[in-house]
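File shown: structure39.cif. Contents: mmCIF, C-alpha atoms.
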```cif
data_work
loop_
_atom_site.group_PDB
_atom_site.id
_atom_site.type_symbol
_atom_site.label_atom_id
_atom_site.label_comp_id
_atom_site.auth_asym_id
_atom_site.auth_seq_id
_atom_site.Cartn_x
_atom_site.Cartn_y
_atom_site.Cartn_z
ATOM 1 C CA MET Z 1119 -19.441 9.109 -11.169
ATOM 2 C CA PRO Z 1120 -18.576 12.284 -13.030
ATOM 3 C CA ARG Z 1121 -15.022 13.508 -12.918
ATOM 4 C CA ARG Z 1122 -13.759 16.973 -13.658
ATOM 5 C CA ALA Z 1123 -10.362 18.613 -13.495
ATOM 6 C CA LEU Z 1124 -9.823 20.996 -10.613
ATOM 7 C CA GLY Z 1125 -6.448 22.648 -10.293
ATOM 8 C CA GLY Z 1126 -4.659 19.691 -11.897
ATOM 9 C CA ALA Z 1127 -6.284 17.115 -9.599
ATOM 10 C CA ALA Z 1128 -9.241 14.961 -10.500
ATOM 11 C CA LEU Z 1129 -12.285 15.434 -8.311
ATOM 12 C CA ARG Z 1130 -14.794 12.668 -7.754
ATOM 13 C CA GLU Z 1131 -18.184 13.661 -6.482
ATOM 14 C CA SER Z 1132 -19.836 11.045 -4.316
ATOM 15 C CA GLY Z 1133 -23.537 10.690 -3.610
ATOM 16 C CA SER Z 1134 -23.180 12.379 -0.209
ATOM 17 C CA GLY Z 1135 -21.761 15.583 -1.680
ATOM 18 C CA LYS Z 1136 -18.250 14.916 -0.409
ATOM 19 C CA SER Z 1137 -15.425 14.797 -2.880
ATOM 20 C CA ALA Z 1138 -12.154 12.942 -3.002
ATOM 21 C CA VAL Z 1139 -9.133 14.553 -4.552
ATOM 22 C CA ALA Z 1140 -6.662 12.483 -6.529
ATOM 23 C CA ARG Z 1141 -3.514 11.533 -4.674
ATOM 24 C CA PRO Z 1142 -0.665 13.973 -5.172
ATOM 25 C CA GLU Z 1143 2.434 12.632 -6.868
ATOM 26 C CA SER Z 1144 5.121 11.833 -4.347
ATOM 27 C CA ALA Z 1145 8.046 9.447 -4.131
ATOM 28 C CA TYR Z 1146 5.909 7.098 -2.013
ATOM 29 C CA GLU Z 1147 3.110 7.052 -4.606
ATOM 30 C CA ARG Z 1148 5.557 6.465 -7.473
ATOM 31 C CA ARG Z 1149 7.040 3.536 -5.547
ATOM 32 C CA THR Z 1150 3.554 2.208 -4.861
ATOM 33 C CA ALA Z 1151 2.778 2.439 -8.600
ATOM 34 C CA ARG Z 1152 5.921 0.380 -9.289
ATOM 35 C CA PHE Z 1153 4.797 -2.214 -6.737
ATOM 36 C CA PHE Z 1154 1.434 -2.475 -8.513
ATOM 37 C CA THR Z 1155 3.157 -2.911 -11.881
ATOM 38 C CA VAL Z 1156 5.558 -5.578 -10.597
ATOM 39 C CA VAL Z 1157 2.755 -7.596 -8.975
ATOM 40 C CA GLU Z 1158 0.624 -7.336 -12.129
ATOM 41 C CA VAL Z 1159 3.481 -8.547 -14.330
ATOM 42 C CA ILE Z 1160 4.247 -11.446 -11.995
ATOM 43 C CA LEU Z 1161 0.584 -12.494 -11.966
ATOM 44 C CA VAL Z 1162 0.475 -12.448 -15.772
ATOM 45 C CA VAL Z 1163 3.646 -14.557 -15.951
ATOM 46 C CA VAL Z 1164 2.249 -17.265 -13.601
ATOM 47 C CA PRO Z 1165 0.137 -19.013 -16.293
ATOM 48 C CA VAL Z 1166 3.001 -18.843 -18.780
ATOM 49 C CA ALA Z 1167 5.292 -20.494 -16.236
ATOM 50 C CA MET Z 1168 2.646 -23.154 -15.520
ATOM 51 C CA VAL Z 1169 2.234 -23.952 -19.219
ATOM 52 C CA ALA Z 1170 6.023 -24.118 -19.655
ATOM 53 C CA TYR Z 1171 6.325 -26.414 -16.641
ATOM 54 C CA LEU Z 1172 3.578 -28.720 -17.886
ATOM 55 C CA TRP Z 1173 5.016 -28.699 -21.389
ATOM 56 C CA LEU Z 1174 8.436 -29.755 -20.110
ATOM 57 C CA MET Z 1175 6.908 -32.298 -17.737
ATOM 58 C CA GLY Z 1176 4.903 -33.759 -20.611
ATOM 59 C CA GLY Z 1177 7.981 -34.251 -22.743
ATOM 60 C CA GLY Z 1178 7.364 -31.254 -24.988
ATOM 61 C CA SER Z 1179 4.372 -32.711 -26.791
ATOM 62 C CA LEU Z 1180 0.630 -32.218 -26.719
ATOM 63 C CA ASP Z 1181 0.100 -35.910 -25.953
ATOM 64 C CA GLY Z 1182 2.456 -35.633 -22.973
ATOM 65 C CA LEU Z 1183 0.483 -32.644 -21.732
ATOM 66 C CA GLN Z 1184 -2.787 -34.578 -21.992
ATOM 67 C CA ASP Z 1185 -1.193 -37.522 -20.190
ATOM 68 C CA ALA Z 1186 -0.037 -35.217 -17.366
ATOM 69 C CA PHE Z 1187 -3.586 -33.897 -16.922
ATOM 70 C CA ALA Z 1188 -5.032 -37.415 -16.988
ATOM 71 C CA ALA Z 1189 -2.464 -38.834 -14.575
ATOM 72 C CA ASP Z 1190 -2.897 -36.266 -11.797
ATOM 73 C CA PRO Z 1191 -6.090 -34.230 -11.294
ATOM 74 C CA ALA Z 1192 -4.210 -31.907 -8.930
ATOM 75 C CA ILE Z 1193 -2.258 -30.663 -11.952
ATOM 76 C CA THR Z 1194 -5.524 -29.757 -13.649
ATOM 77 C CA VAL Z 1195 -6.663 -27.787 -10.601
ATOM 78 C CA ALA Z 1196 -3.301 -26.010 -10.390
ATOM 79 C CA PHE Z 1197 -3.571 -25.197 -14.100
ATOM 80 C CA VAL Z 1198 -7.040 -23.674 -13.643
ATOM 81 C CA ALA Z 1199 -5.805 -21.660 -10.638
ATOM 82 C CA ALA Z 1200 -2.846 -20.381 -12.667
ATOM 83 C CA MET Z 1201 -5.156 -19.329 -15.495
ATOM 84 C CA CYS Z 1202 -7.090 -17.143 -13.005
ATOM 85 C CA GLN Z 1203 -4.030 -14.977 -12.320
ATOM 86 C CA PRO Z 1204 -4.427 -12.647 -15.336
ATOM 87 C CA LEU Z 1205 -7.911 -11.836 -14.003
ATOM 88 C CA ALA Z 1206 -6.327 -10.883 -10.671
ATOM 89 C CA ALA Z 1207 -3.783 -8.702 -12.522
ATOM 90 C CA TRP Z 1208 -6.579 -7.033 -14.470
ATOM 91 C CA LEU Z 1209 -8.470 -6.331 -11.236
ATOM 92 C CA LEU Z 1210 -5.310 -4.803 -9.770
ATOM 93 C CA ARG Z 1211 -5.329 -2.270 -12.631
ATOM 94 C CA PHE Z 1212 -8.773 -1.093 -11.499
ATOM 95 C CA VAL Z 1213 -7.695 -1.055 -7.865
ATOM 96 C CA HIS Z 1214 -4.688 1.090 -8.690
ATOM 97 C CA SER Z 1215 -6.674 3.554 -10.804
ATOM 98 C CA HIS Z 1216 -9.277 3.970 -8.035
ATOM 99 C CA TYR Z 1217 -6.529 4.404 -5.456
ATOM 100 C CA ARG Z 1218 -4.853 7.118 -7.557
ATOM 101 C CA ALA Z 1219 -8.204 8.859 -8.025
ATOM 102 C CA GLY Z 1220 -8.682 9.089 -4.264
ATOM 103 C CA ASP Z 1221 -11.128 6.195 -3.794
ATOM 104 C CA GLY Z 1222 -9.007 4.394 -1.214
ATOM 105 C CA GLY Z 1223 -11.938 2.544 0.320
ATOM 106 C CA TYR Z 1224 -12.578 0.765 -2.989
ATOM 107 C CA ALA Z 1225 -8.876 -0.107 -3.238
ATOM 108 C CA VAL Z 1226 -8.603 -1.495 0.301
ATOM 109 C CA ALA Z 1227 -11.819 -3.528 0.035
ATOM 110 C CA ASN Z 1228 -10.766 -5.040 -3.287
ATOM 111 C CA LEU Z 1229 -7.258 -5.834 -2.065
ATOM 112 C CA ILE Z 1230 -8.695 -7.617 0.977
ATOM 113 C CA GLY Z 1231 -10.890 -9.602 -1.416
ATOM 114 C CA LEU Z 1232 -7.936 -10.331 -3.701
ATOM 115 C CA VAL Z 1233 -5.892 -11.666 -0.781
ATOM 116 C CA CYS Z 1234 -8.801 -13.965 0.133
ATOM 117 C CA GLY Z 1235 -9.228 -15.051 -3.495
ATOM 118 C CA GLU Z 1236 -5.514 -15.787 -3.857
ATOM 119 C CA LEU Z 1237 -5.607 -17.807 -0.639
ATOM 120 C CA LEU Z 1238 -8.443 -19.890 -2.062
ATOM 121 C CA LEU Z 1239 -6.554 -20.303 -5.343
ATOM 122 C CA GLN Z 1240 -3.545 -21.359 -3.246
ATOM 123 C CA ASN Z 1241 -1.220 -19.001 -5.098
ATOM 124 C CA ILE Z 1242 1.406 -17.895 -2.593
ATOM 125 C CA VAL Z 1243 2.908 -15.368 -5.029
ATOM 126 C CA GLY Z 1244 -0.467 -13.661 -5.439
ATOM 127 C CA VAL Z 1245 -1.133 -13.708 -1.702
ATOM 128 C CA ILE Z 1246 2.210 -12.082 -0.914
ATOM 129 C CA GLY Z 1247 1.918 -9.546 -3.754
ATOM 130 C CA CYS Z 1248 -1.600 -8.432 -2.845
ATOM 131 C CA ALA Z 1249 -0.743 -8.382 0.874
ATOM 132 C CA VAL Z 1250 2.244 -6.105 0.220
ATOM 133 C CA LEU Z 1251 0.059 -3.776 -1.858
ATOM 134 C CA LEU Z 1252 -2.589 -3.770 0.861
ATOM 135 C CA TRP Z 1253 0.046 -2.969 3.469
ATOM 136 C CA ARG Z 1254 1.380 -0.098 1.306
ATOM 137 C CA ILE Z 1255 -1.942 1.616 0.772
ATOM 138 C CA TRP Z 1256 -3.437 0.777 4.183
ATOM 139 C CA LYS Z 1257 -1.119 3.339 5.791
ATOM 140 C CA ARG Z 1258 -2.522 6.073 3.524
ATOM 141 C CA VAL Z 1259 -6.180 5.092 3.327
ATOM 142 C CA VAL Z 1260 -7.356 3.874 6.726
ATOM 143 C CA PRO Z 1261 -5.967 6.694 8.921
ATOM 144 C CA ALA Z 1262 -7.463 9.211 6.471
ATOM 145 C CA GLY Z 1263 -10.913 7.639 6.936
ATOM 146 C CA GLU Z 1264 -11.382 6.683 3.284
ATOM 147 C CA PHE Z 1265 -12.177 3.043 4.031
ATOM 148 C CA ALA Z 1266 -14.703 3.970 6.741
ATOM 149 C CA ALA Z 1267 -16.291 6.479 4.356
ATOM 150 C CA TRP Z 1268 -16.540 3.841 1.611
ATOM 151 C CA ARG Z 1269 -18.200 1.415 4.030
ATOM 152 C CA SER Z 1270 -20.708 3.963 5.301
ATOM 153 C CA GLU Z 1271 -21.519 5.750 2.019
ATOM 154 C CA ARG Z 1272 -22.004 2.720 -0.234
ATOM 155 C CA SER Z 1273 -25.179 0.697 -0.084
ATOM 156 C CA LEU Z 1274 -25.031 -3.089 -0.137
ATOM 157 C CA GLY Z 1275 -25.636 -3.062 -3.890
ATOM 158 C CA GLY Z 1276 -22.881 -0.505 -4.385
ATOM 159 C CA LYS Z 1277 -20.439 -2.553 -2.328
ATOM 160 C CA LEU Z 1278 -21.307 -5.696 -4.287
ATOM 161 C CA ALA Z 1279 -20.854 -3.793 -7.551
ATOM 162 C CA ASP Z 1280 -17.469 -2.493 -6.395
ATOM 163 C CA LEU Z 1281 -16.398 -5.997 -5.365
ATOM 164 C CA SER Z 1282 -17.923 -7.877 -8.322
ATOM 165 C CA GLY Z 1283 -14.601 -8.829 -9.921
ATOM 166 C CA VAL Z 1284 -13.170 -10.024 -6.640
ATOM 167 C CA ILE Z 1285 -16.332 -12.041 -5.989
ATOM 168 C CA VAL Z 1286 -15.862 -13.838 -9.324
ATOM 169 C CA LEU Z 1287 -12.206 -14.554 -8.498
ATOM 170 C CA ALA Z 1288 -13.169 -15.826 -5.040
ATOM 171 C CA ALA Z 1289 -15.869 -18.068 -6.554
ATOM 172 C CA LEU Z 1290 -13.273 -19.590 -8.889
ATOM 173 C CA GLY Z 1291 -10.973 -19.944 -5.882
ATOM 174 C CA VAL Z 1292 -13.668 -21.775 -3.912
ATOM 175 C CA ILE Z 1293 -14.106 -24.227 -6.781
ATOM 176 C CA CYS Z 1294 -10.339 -24.835 -6.996
ATOM 177 C CA ALA Z 1295 -9.969 -25.146 -3.218
ATOM 178 C CA PHE Z 1296 -12.892 -27.568 -2.987
ATOM 179 C CA ALA Z 1297 -11.464 -29.667 -5.832
ATOM 180 C CA THR Z 1298 -8.054 -29.728 -4.153
ATOM 181 C CA TRP Z 1299 -9.553 -30.785 -0.832
ATOM 182 C CA ARG Z 1300 -11.571 -33.532 -2.522
ATOM 183 C CA ILE Z 1301 -8.474 -34.795 -4.350
ATOM 184 C CA ASP Z 1302 -6.549 -34.840 -1.062
ATOM 185 C CA LEU Z 1303 -9.357 -36.782 0.633
ATOM 186 C CA VAL Z 1304 -9.358 -39.448 -2.075
ATOM 187 C CA ALA Z 1305 -5.567 -39.771 -2.069
#
```
The structure given in the file should be rewritten as structure tokens.
Amino acid sequence: MPRRALGGAALRESGSGKSAVARPESAYERRTARFFTVVEVILVVVPVAMVAYLWLMGGGSLDGLQDAFAADPAITVAFVAAMCQPLAAWLLRFVHSHYRAGDGGYAVANLIGLVCGELLLQNIVGVIGCAVLLWRIWKRVVPAGEFAAWRSERSLGGKLADLSGVIVLAALGVICAFATWRIDLVA
């Protein structure tokens, strides 16, 4: 969608002829930007913490790490789920940029999908972080009608395109959740 500068604010022209103006800078929006940054950093640190934990649990050697994976398949599933967190952080960057540009419907829909994906990945830190972000922007987006406009203006293909990253994360989450449930059934 083409963007052009208009009086210092970006203007996005939608297919219906309506336009969304970028969010004005305010203390609330600066705080929201900090929340996005903190959640992104935490999500990027999750796999590093998982690798450090497994490294220490395995005795600080590659053989110990392989033994830990072989001994407990739940550790392997948790490792895969942790490795999905940078993808969630990357998706949050897109969500934040769309939110700043005035496309709040995109942001809300993707945050709802990210909460669901994090639930499936069983990452409580990601669930809480995305839920807090959703709560912060919900107050600005939904009463203004941006989410309703996104739902009514976008076709099914457009909605799927907007949610494509979240769909991939949710698919990975379904695989991890199914594997966890199967491991729990066997144990």
For a test of reading the model, state the distance in Å between atom CA of Gly1291 of chain Z and atom CA of Gly1235 of chain Z, rounded to one decimal. 5.7 Å
Could you write out as a ChimeraX atom specification the residues that the PyMOL selection byres ((chain Z and resi 1153-1155) around 12) matches in the shown file? /Z:1146-1152,1156-1162,1206-1215,1217-1218,1225,1229,1244,1246-1255
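Counting all atoms listed in the file and comparing Z:Gln1240, Z:Phe1197, Z:Ala1289, Z:Glu1143, the residue that lies closest to Val1169 of chain Z is Z:Phe1197.
From atom CA of Glu1264 of chain Z back to atom CA of Arg1141 of chain Z, the distance works out to 12.2 Å.
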Please, what distance in Å, to one decimal, runs between atom CA of Ala1295 of chain Z and atom CA of Leu1238 of chain Z? 5.6 Å
If you apply the PyMOL selection byres ((chain Z and resi 1228) around 9) to this file, what residues do you get, as a ChimeraX atom specification? /Z:1209-1210,1213,1223-1227,1229-1233,1280-1281,1283-1284
Assuming 6 Å of padding per side, give the centre and edge lengths of the axis-aligned box around every listed atom of segment 1180-1193 of chain Z, in Å to one decimal and as AutoDock Vina command-line options.
```
--center_x -1.8 --center_y -34.7 --center_z -17.8 --size_x 20.5 --size_y 20.2 --size_z 29.8
```
With distances taken over all atoms listed in the file, the candidate from Z:Leu1278, Z:Val1259, Z:Ala1192, Z:Ala1186 nearest Val1304 of chain Z is Z:Ala1192
Take the PyMOL selection byres ((chain Z and resi 1168) around 12), apply it to the structure above, and return the hits as a count of residues only. 28
Up to 12 Å from (-3.5, 11.7, 3.8) in the file's coordinates: name the residues, counting all atoms listed in the file, as number ranges by chain. Z: 1138-1142, 1144, 1146-1147, 1220, 1222, 1255-1264
Filled-in N, CA and C atoms of segment 1173-1195 of chain Z, supplied as a PDB file, keeping the file's coordinate frame:
```
ATOM      1  N   TRP Z1173       4.492 -28.316 -20.086  1.00  0.00           N
ATOM      2  CA  TRP Z1173       5.016 -28.699 -21.389  1.00  0.00           C
ATOM      3  C   TRP Z1173       6.302 -29.510 -21.232  1.00  0.00           C
ATOM      4  N   LEU Z1174       7.179 -29.028 -20.344  1.00  0.00           N
ATOM      5  CA  LEU Z1174       8.436 -29.755 -20.110  1.00  0.00           C
ATOM      6  C   LEU Z1174       8.177 -31.073 -19.395  1.00  0.00           C
ATOM      7  N   MET Z1175       7.233 -31.077 -18.458  1.00  0.00           N
ATOM      8  CA  MET Z1175       6.908 -32.298 -17.737  1.00  0.00           C
ATOM      9  C   MET Z1175       6.286 -33.339 -18.667  1.00  0.00           C
ATOM     10  N   GLY Z1176       5.549 -32.857 -19.663  1.00  0.00           N
ATOM     11  CA  GLY Z1176       4.903 -33.759 -20.611  1.00  0.00           C
ATOM     12  C   GLY Z1176       5.793 -34.170 -21.758  1.00  0.00           C
ATOM     13  N   GLY Z1177       7.057 -33.837 -21.694  1.00  0.00           N
ATOM     14  CA  GLY Z1177       7.981 -34.251 -22.743  1.00  0.00           C
ATOM     15  C   GLY Z1177       7.964 -33.358 -23.963  1.00  0.00           C
ATOM     16  N   GLY Z1178       7.355 -32.190 -23.870  1.00  0.00           N
ATOM     17  CA  GLY Z1178       7.364 -31.254 -24.988  1.00  0.00           C
ATOM     18  C   GLY Z1178       6.386 -31.597 -26.085  1.00  0.00           C
ATOM     19  N   SER Z1179       5.371 -32.380 -25.768  1.00  0.00           N
ATOM     20  CA  SER Z1179       4.372 -32.711 -26.791  1.00  0.00           C
ATOM     21  C   SER Z1179       2.969 -32.521 -26.225  1.00  0.00           C
ATOM     22  N   LEU Z1180       2.021 -32.388 -27.125  1.00  0.00           N
ATOM     23  CA  LEU Z1180       0.630 -32.218 -26.719  1.00  0.00           C
ATOM     24  C   LEU Z1180       0.103 -33.486 -26.062  1.00  0.00           C
ATOM     25  N   ASP Z1181       0.527 -34.647 -26.562  1.00  0.00           N
ATOM     26  CA  ASP Z1181       0.100 -35.910 -25.953  1.00  0.00           C
ATOM     27  C   ASP Z1181       0.641 -36.035 -24.533  1.00  0.00           C
ATOM     28  N   GLY Z1182       1.870 -35.601 -24.306  1.00  0.00           N
ATOM     29  CA  GLY Z1182       2.456 -35.633 -22.973  1.00  0.00           C
ATOM     30  C   GLY Z1182       1.710 -34.723 -22.012  1.00  0.00           C
ATOM     31  N   LEU Z1183       1.261 -33.577 -22.542  1.00  0.00           N
ATOM     32  CA  LEU Z1183       0.483 -32.644 -21.732  1.00  0.00           C
ATOM     33  C   LEU Z1183      -0.853 -33.279 -21.338  1.00  0.00           C
ATOM     34  N   GLN Z1184      -1.516 -33.909 -22.281  1.00  0.00           N
ATOM     35  CA  GLN Z1184      -2.787 -34.578 -21.992  1.00  0.00           C
ATOM     36  C   GLN Z1184      -2.584 -35.723 -21.011  1.00  0.00           C
ATOM     37  N   ASP Z1185      -1.498 -36.438 -21.131  1.00  0.00           N
ATOM     38  CA  ASP Z1185      -1.193 -37.522 -20.190  1.00  0.00           C
ATOM     39  C   ASP Z1185      -0.962 -36.979 -18.785  1.00  0.00           C
ATOM     40  N   ALA Z1186      -0.296 -35.823 -18.679  1.00  0.00           N
ATOM     41  CA  ALA Z1186      -0.037 -35.217 -17.366  1.00  0.00           C
ATOM     42  C   ALA Z1186      -1.353 -34.826 -16.700  1.00  0.00           C
ATOM     43  N   PHE Z1187      -2.279 -34.256 -17.476  1.00  0.00           N
ATOM     44  CA  PHE Z1187      -3.586 -33.897 -16.922  1.00  0.00           C
ATOM     45  C   PHE Z1187      -4.368 -35.139 -16.497  1.00  0.00           C
ATOM     46  N   ALA Z1188      -4.289 -36.188 -17.293  1.00  0.00           N
ATOM     47  CA  ALA Z1188      -5.032 -37.415 -16.988  1.00  0.00           C
ATOM     48  C   ALA Z1188      -4.434 -38.153 -15.793  1.00  0.00           C
ATOM     49  N   ALA Z1189      -3.131 -38.080 -15.638  1.00  0.00           N
ATOM     50  CA  ALA Z1189      -2.464 -38.834 -14.575  1.00  0.00           C
ATOM     51  C   ALA Z1189      -2.701 -38.237 -13.190  1.00  0.00           C
ATOM     52  N   ASP Z1190      -2.772 -36.911 -13.103  1.00  0.00           N
ATOM     53  CA  ASP Z1190      -2.897 -36.266 -11.797  1.00  0.00           C
ATOM     54  C   ASP Z1190      -3.913 -35.129 -11.869  1.00  0.00           C
ATOM     55  N   PRO Z1191      -5.086 -35.301 -11.259  1.00  0.00           N
ATOM     56  CA  PRO Z1191      -6.090 -34.230 -11.294  1.00  0.00           C
ATOM     57  C   PRO Z1191      -5.641 -32.971 -10.555  1.00  0.00           C
ATOM     58  N   ALA Z1192      -4.707 -33.089  -9.637  1.00  0.00           N
ATOM     59  CA  ALA Z1192      -4.210 -31.907  -8.930  1.00  0.00           C
ATOM     60  C   ALA Z1192      -3.511 -30.954  -9.899  1.00  0.00           C
ATOM     61  N   ILE Z1193      -2.904 -31.505 -10.943  1.00  0.00           N
ATOM     62  CA  ILE Z1193      -2.258 -30.663 -11.952  1.00  0.00           C
ATOM     63  C   ILE Z1193      -3.310 -29.850 -12.702  1.00  0.00           C
ATOM     64  N   THR Z1194      -4.441 -30.471 -12.970  1.00  0.00           N
ATOM     65  CA  THR Z1194      -5.524 -29.757 -13.649  1.00  0.00           C
ATOM     66  C   THR Z1194      -6.030 -28.606 -12.799  1.00  0.00           C
ATOM     67  N   VAL Z1195      -6.197 -28.838 -11.504  1.00  0.00           N
ATOM     68  CA  VAL Z1195      -6.663 -27.787 -10.601  1.00  0.00           C
ATOM     69  C   VAL Z1195      -5.633 -26.664 -10.523  1.00  0.00           C
TER      70      VAL Z1195
END
```
